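Below: the structure, in structure tokens.
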Amino acid sequence: MSLRIGFGYDIHRLVPDRALWLGGIEIPFEKGLLGHSDGDAIAHALCDAQFGAVGLGDIGEHFPDSDPSWKNISGKVLLEQTRIILTARNAKLVQADLTVLAEAPRISPHKESMIHQLEKATGCRDVSIKARTNEGLDSVGRGDAIAVYAMVLVEWDRV
Ligand code: MG
């Protein structure tokens, strides 16, 4: 059994007239995250970190934009699919530490619900979310985008 670390990053543009899905929940806000999928940058960064931990490439290779079956797909479903892919390789997510950068809306009031959804989708009981702003700097600071960093620990029983 080996312990593997993984790192993931994602950023999505905030646009009007779209539902805001983040961390597996819908947050009431005047803008939403643009994407071929539901734009859930937390879910995407967390998928990527897990793939990285076991050397399985990235989210785009597993769930390509060009495939219509992933259109508007929920981040929770992508996390469930990622879990299936890791399980098939005897790998298991044991810890995830997430940093969300968003000027608005405020993320902190939603952290507990997000953690609940992420733990349900990944099967991991040790997910943490840290919420920060970008101090008014760059695209995230202007409120044009939300960015997420994900660190994970994965147990891998290589056969
Ligand atoms: Mg994404």
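Chain labels follow the order of the structure tokens: the first chain is A, the next B, and so on; residue numbering restarts at 1 in every chain, and ligands are counted from 1 in their shown order.
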What residues of the protein or nucleic acid chains come within 7 Å of ligand 1 when you use only C-alpha atoms and all ligand atoms? Reply as a PDB file with all heavy atoms, in the first residue's frame.
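Saved file result.pdb follows:
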```pdb
ATOM      1  N   ASP A  10      -8.476  24.392 -10.884  1.00  0.00           N
ATOM      2  CA  ASP A  10      -9.457  24.710 -11.926  1.00  0.00           C
ATOM      3  C   ASP A  10      -9.923  26.149 -11.756  1.00  0.00           C
ATOM      4  O   ASP A  10      -9.919  26.689 -10.638  1.00  0.00           O
ATOM      5  CB  ASP A  10     -10.662  23.766 -11.862  1.00  0.00           C
ATOM      6  CG  ASP A  10     -11.472  23.796 -13.161  1.00  0.00           C
ATOM      7  OD1 ASP A  10     -10.919  24.157 -14.221  1.00  0.00           O
ATOM      8  OD2 ASP A  10     -12.667  23.459 -13.118  1.00  0.00           O
ATOM      9  N   ILE A  11     -10.309  26.743 -12.867  1.00  0.00           N
ATOM     10  CA  ILE A  11     -10.880  28.087 -12.845  1.00  0.00           C
ATOM     11  C   ILE A  11     -11.998  28.132 -13.873  1.00  0.00           C
ATOM     12  O   ILE A  11     -11.882  27.514 -14.943  1.00  0.00           O
ATOM     13  CB  ILE A  11      -9.806  29.165 -13.127  1.00  0.00           C
ATOM     14  CG1 ILE A  11     -10.377  30.585 -12.985  1.00  0.00           C
ATOM     15  CG2 ILE A  11      -9.142  28.962 -14.482  1.00  0.00           C
ATOM     16  CD1 ILE A  11      -9.297  31.680 -12.936  1.00  0.00           C
ATOM     17  N   HIS A  12     -13.107  28.755 -13.497  1.00  0.00           N
ATOM     18  CA  HIS A  12     -14.208  28.948 -14.445  1.00  0.00           C
ATOM     19  C   HIS A  12     -14.664  30.398 -14.385  1.00  0.00           C
ATOM     20  O   HIS A  12     -14.680  31.017 -13.321  1.00  0.00           O
ATOM     21  CB  HIS A  12     -15.399  28.035 -14.123  1.00  0.00           C
ATOM     22  CG  HIS A  12     -15.239  26.647 -14.631  1.00  0.00           C
ATOM     23  ND1 HIS A  12     -15.889  26.156 -15.736  1.00  0.00           N
ATOM     24  CD2 HIS A  12     -14.462  25.630 -14.184  1.00  0.00           C
ATOM     25  CE1 HIS A  12     -15.545  24.902 -15.941  1.00  0.00           C
ATOM     26  NE2 HIS A  12     -14.677  24.551 -15.009  1.00  0.00           N
ATOM     27  N   GLY A  35     -19.299  26.670 -18.490  1.00  0.00           N
ATOM     28  CA  GLY A  35     -18.575  25.447 -18.805  1.00  0.00           C
ATOM     29  C   GLY A  35     -19.415  24.520 -19.651  1.00  0.00           C
ATOM     30  O   GLY A  35     -20.635  24.680 -19.733  1.00  0.00           O
ATOM     31  N   GLY A  39     -19.845  23.419 -14.596  1.00  0.00           N
ATOM     32  CA  GLY A  39     -18.849  24.424 -14.228  1.00  0.00           C
ATOM     33  C   GLY A  39     -18.352  24.342 -12.796  1.00  0.00           C
ATOM     34  O   GLY A  39     -17.679  25.260 -12.323  1.00  0.00           O
ATOM     35  N   ASP A  40     -18.652  23.256 -12.106  1.00  0.00           N
ATOM     36  CA  ASP A  40     -18.298  23.112 -10.693  1.00  0.00           C
ATOM     37  C   ASP A  40     -16.781  22.957 -10.525  1.00  0.00           C
ATOM     38  O   ASP A  40     -16.235  21.849 -10.553  1.00  0.00           O
ATOM     39  CB  ASP A  40     -19.045  21.903 -10.100  1.00  0.00           C
ATOM     40  CG  ASP A  40     -18.891  21.788  -8.594  1.00  0.00           C
ATOM     41  OD1 ASP A  40     -17.898  22.302  -8.047  1.00  0.00           O
ATOM     42  OD2 ASP A  40     -19.767  21.170  -7.961  1.00  0.00           O
ATOM     43  N   ALA A  41     -16.111  24.103 -10.340  1.00  0.00           N
ATOM     44  CA  ALA A  41     -14.645  24.120 -10.299  1.00  0.00           C
ATOM     45  C   ALA A  41     -14.080  23.345  -9.110  1.00  0.00           C
ATOM     46  O   ALA A  41     -12.972  22.804  -9.191  1.00  0.00           O
ATOM     47  CB  ALA A  41     -14.145  25.566 -10.269  1.00  0.00           C
ATOM     48  N   HIS A  44     -14.164  19.710 -10.172  1.00  0.00           N
ATOM     49  CA  HIS A  44     -13.187  19.453 -11.236  1.00  0.00           C
ATOM     50  C   HIS A  44     -11.757  19.413 -10.697  1.00  0.00           C
ATOM     51  O   HIS A  44     -10.972  18.533 -11.066  1.00  0.00           O
ATOM     52  CB  HIS A  44     -13.299  20.521 -12.332  1.00  0.00           C
ATOM     53  CG  HIS A  44     -14.645  20.555 -12.997  1.00  0.00           C
ATOM     54  ND1 HIS A  44     -15.022  21.533 -13.863  1.00  0.00           N
ATOM     55  CD2 HIS A  44     -15.700  19.716 -12.891  1.00  0.00           C
ATOM     56  CE1 HIS A  44     -16.260  21.313 -14.278  1.00  0.00           C
ATOM     57  NE2 HIS A  44     -16.696  20.204 -13.695  1.00  0.00           N
TER      58      HIS A  44
END
```
- Going by DSSP on the backbone, which bits of chain A are strand (DSSP E)? Write them as a ChimeraX atom specification, please. /A:2-16,20-22,25-27,31-33,91-101,127-132,145-156
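Minimum atom-to-atom distances from A:Ala53, A:Phe29, A:Thr82, A:Asn90 to Met151 (chain A) were compared using only C-alpha atoms, and the lowest value belongs to A:Ala53.
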- Message: So that I can see what lies close to Pro109 (chain A), please list as a count of residues only the residues with an atom at most 12 Å from it, counting only C-alpha atoms and leaving out residues fewer than 3 positions away in the same chain.
- Response: 12
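Of the listed residues (A:Cys124, A:Ile73, A:Ile5, A:Ile59), A:Cys124 comes nearest to Leu93 (chain A); the distances count only C-alpha atoms.
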- Residue neighbourhood Pro16 (chain A), 10 Å, only C-alpha atoms, exclusion window fewer than 4 positions, as a PyMOL selection string: chain A and resi 20+29-34
Asp38 (chain A) surroundings by only C-alpha atoms, 7 Å radius, close-in-sequence under 6 positions cut, as a compact mmCIF listing (two decimals) with all heavy atoms, in the first residue's frame:
```
# COMPACT_ATOMS: atom_id res chain seq x y z
N TRP A 21 -23.21 26.37 -9.58
CA TRP A 21 -22.96 25.07 -8.93
C TRP A 21 -21.52 25.04 -8.46
O TRP A 21 -20.60 25.26 -9.26
CB TRP A 21 -23.23 23.92 -9.91
CG TRP A 21 -24.68 23.65 -10.07
CD1 TRP A 21 -25.50 24.16 -11.01
CD2 TRP A 21 -25.48 22.80 -9.23
NE1 TRP A 21 -26.79 23.70 -10.82
CE2 TRP A 21 -26.80 22.87 -9.74
CE3 TRP A 21 -25.23 22.01 -8.10
CZ2 TRP A 21 -27.86 22.16 -9.16
CZ3 TRP A 21 -26.27 21.31 -7.52
CH2 TRP A 21 -27.57 21.38 -8.06
N ASN A 72 -23.31 19.59 -19.64
CA ASN A 72 -24.04 20.00 -18.43
C ASN A 72 -23.95 18.99 -17.28
O ASN A 72 -24.77 19.01 -16.37
CB ASN A 72 -25.51 20.28 -18.74
CG ASN A 72 -25.67 21.50 -19.62
OD1 ASN A 72 -24.94 22.47 -19.46
ND2 ASN A 72 -26.59 21.46 -20.58
N ILE A 73 -22.96 18.10 -17.38
CA ILE A 73 -22.87 17.05 -16.37
C ILE A 73 -22.53 17.65 -14.99
O ILE A 73 -21.73 18.57 -14.89
CB ILE A 73 -21.82 15.98 -16.79
CG1 ILE A 73 -21.93 14.71 -15.95
CG2 ILE A 73 -20.40 16.52 -16.71
CD1 ILE A 73 -22.95 13.76 -16.45
N SER A 74 -23.15 17.09 -13.97
CA SER A 74 -22.93 17.55 -12.60
C SER A 74 -21.52 17.18 -12.14
O SER A 74 -21.03 16.08 -12.39
CB SER A 74 -23.98 16.89 -11.72
OG SER A 74 -23.50 16.78 -10.39
N GLY A 75 -20.91 18.10 -11.39
CA GLY A 75 -19.60 17.83 -10.80
C GLY A 75 -19.65 16.62 -9.88
O GLY A 75 -18.67 15.87 -9.76
```
- Proximity to Gly8 (chain A) - best of A:Ala49, A:Leu137, A:Leu101, A:Leu22, only C-alpha atoms: A:Ala49
- Query: Using only C-alpha atoms, which residue out of A:Asn134, A:Leu79, A:Arg4, A:Ile85 lies closest to Asp157 (chain A)?
  - Reply: A:Arg4
